[in-house]
>>> print(open('model34.tsv').read())   # TSV, C-alpha atoms
chain	number	residue	atom	x	y	z
A	1	MET	CA	-27.13	16.28	-18.50
A	2	LYS	CA	-30.36	18.22	-18.01
A	3	LYS	CA	-28.46	21.48	-18.28
A	4	ILE	CA	-27.45	20.54	-21.82
A	5	LEU	CA	-30.72	18.94	-22.95
A	6	PHE	CA	-33.09	21.81	-22.18
A	7	PRO	CA	-31.25	24.46	-24.22
A	8	LEU	CA	-30.55	21.97	-27.02
A	9	MET	CA	-34.23	21.06	-27.23
A	10	ALA	CA	-35.29	24.72	-27.14
A	11	ILE	CA	-32.89	25.56	-29.97
A	12	ALA	CA	-34.12	22.58	-32.00
A	13	ILE	CA	-37.76	23.64	-31.68
A	14	PHE	CA	-36.86	27.26	-32.51
A	15	VAL	CA	-35.04	26.10	-35.65
A	16	ALA	CA	-37.96	23.86	-36.67
A	17	PHE	CA	-40.47	26.70	-36.29
A	18	TYR	CA	-38.16	29.17	-38.03
A	19	GLU	CA	-37.76	26.84	-41.00
A	20	GLN	CA	-41.52	26.42	-41.31
A	21	ASN	CA	-42.01	30.19	-41.54
A	22	ARG	CA	-39.61	30.58	-44.47
A	23	GLU	CA	-40.86	30.77	-48.03
A	24	HIS	CA	-39.18	27.47	-48.98
A	25	PRO	CA	-38.66	25.44	-45.79
A	26	ASN	CA	-35.85	22.89	-45.86
A	27	LYS	CA	-37.39	19.55	-44.88
A	28	ILE	CA	-34.06	18.05	-43.86
A	29	ILE	CA	-33.33	20.80	-41.32
A	30	THR	CA	-36.87	20.58	-39.95
A	31	GLY	CA	-36.63	16.81	-39.68
A	32	LEU	CA	-33.28	16.94	-37.90
A	33	ALA	CA	-34.62	19.50	-35.45
A	34	ILE	CA	-37.58	17.27	-34.64
A	35	VAL	CA	-35.32	14.23	-34.23
A	36	ILE	CA	-33.09	16.17	-31.82
A	37	PHE	CA	-36.14	17.29	-29.84
A	38	MET	CA	-37.56	13.77	-29.66
A	39	PHE	CA	-34.17	12.35	-28.61
A	40	GLY	CA	-34.01	14.90	-25.79
A	41	MET	CA	-37.53	14.09	-24.67
A	42	MET	CA	-36.67	10.38	-24.66
A	43	LYS	CA	-33.58	11.00	-22.50
A	44	LEU	CA	-35.51	13.18	-20.05
A	45	SER	CA	-38.51	10.87	-19.76
A	46	ALA	CA	-36.32	7.80	-19.20
A	47	LYS	CA	-35.42	9.15	-15.76
A	48	THR	CA	-39.03	9.67	-14.72
A	49	PRO	CA	-40.26	6.77	-12.57
A	50	SER	CA	-43.34	4.89	-13.66
A	51	LYS	CA	-46.61	5.76	-11.95
A	52	ASN	CA	-47.42	2.07	-11.46
A	53	GLN	CA	-43.93	1.00	-10.37
A	54	ASP	CA	-45.03	0.10	-6.82
A	55	GLU	CA	-47.85	-2.11	-8.12
A	56	ASP	CA	-45.49	-3.89	-10.50
A	57	ASP	CA	-43.02	-4.61	-7.69
A	58	GLU	CA	-45.76	-6.20	-5.57
A	59	LYS	CA	-46.79	-8.62	-8.33
A	60	ILE	CA	-43.25	-9.96	-8.65
>>> encode(input="model34.tsv", output="structure tokens")
Amino acid sequence: MKKILFPLMAIAIFVAFYEQNREHPNKIITGLAIVIFMFGMMKLSAKTPSKNQDEDDEKI
């Protein structure tokens, strides 16, 4: 899954920056690129364990 997310996120950010440099940027394309990037970040960060996970387990 990571192998797909990293290039997809890189392409989305490239498209967002490219659209902003045009004379008349399309807000829909920029918005979709940001949504795709944020979705990828959400998927990648969901697999990262919490820093305080050990402390939470002890309280339970």
>>> residues_around(input="model34.tsv", residues="Lys3 of chain A", least_positions_apart="6", cutoff="12 Å", atoms="all atoms listed in the file", output="ChimeraX atom specification")
/A:9-10,40,44
>>> atom_distance(input="model34.tsv", atom1="atom CA of Asn52 of chain A", atom2="atom CA of Lys2 of chain A")
24.4 Å
>>> closest_residue(input="model34.tsv", among="A:Met41, A:Ile36, A:Thr48, A:Thr30", to="Val15 of chain A", atoms="all atoms listed in the file")
A:Thr30
>>> closest_residue(input="model34.tsv", among="A:Ser50, A:Ser45, A:Ala16, A:Leu8", to="Ala33 of chain A", atoms="all atoms listed in the file")
A:Ala16
>>> residues_around(input="model34.tsv", residues="Glu19 of chain A", least_positions_apart="5", cutoff="10 Å", atoms="only C-alpha atoms", output="PyMOL selection string")
chain A and resi 13-14+24-30+33
>>> atom_distance(input="model34.tsv", atom1="atom CA of Pro7 of chain A", atom2="atom CA of Lys51 of chain A")
27.1 Å
>>> atom_distance(input="model34.tsv", atom1="atom CA of Lys43 of chain A", atom2="atom CA of Gln20 of chain A")
25.6 Å
>>> closest_residue(input="model34.tsv", among="A:Phe17, A:Pro49, A:Arg22, A:Ala12", to="Ile34 of chain A", atoms="only C-alpha atoms")
A:Ala12
>>> axis_aligned_box(input="model34.tsv", around="segment 34-46 of chain A", padding_each_side="8 Å", output="AutoDock Vina command-line options")
--center_x -35.8 --center_y 12.5 --center_z -26.9 --size_x 21.4 --size_y 25.5 --size_z 31.4
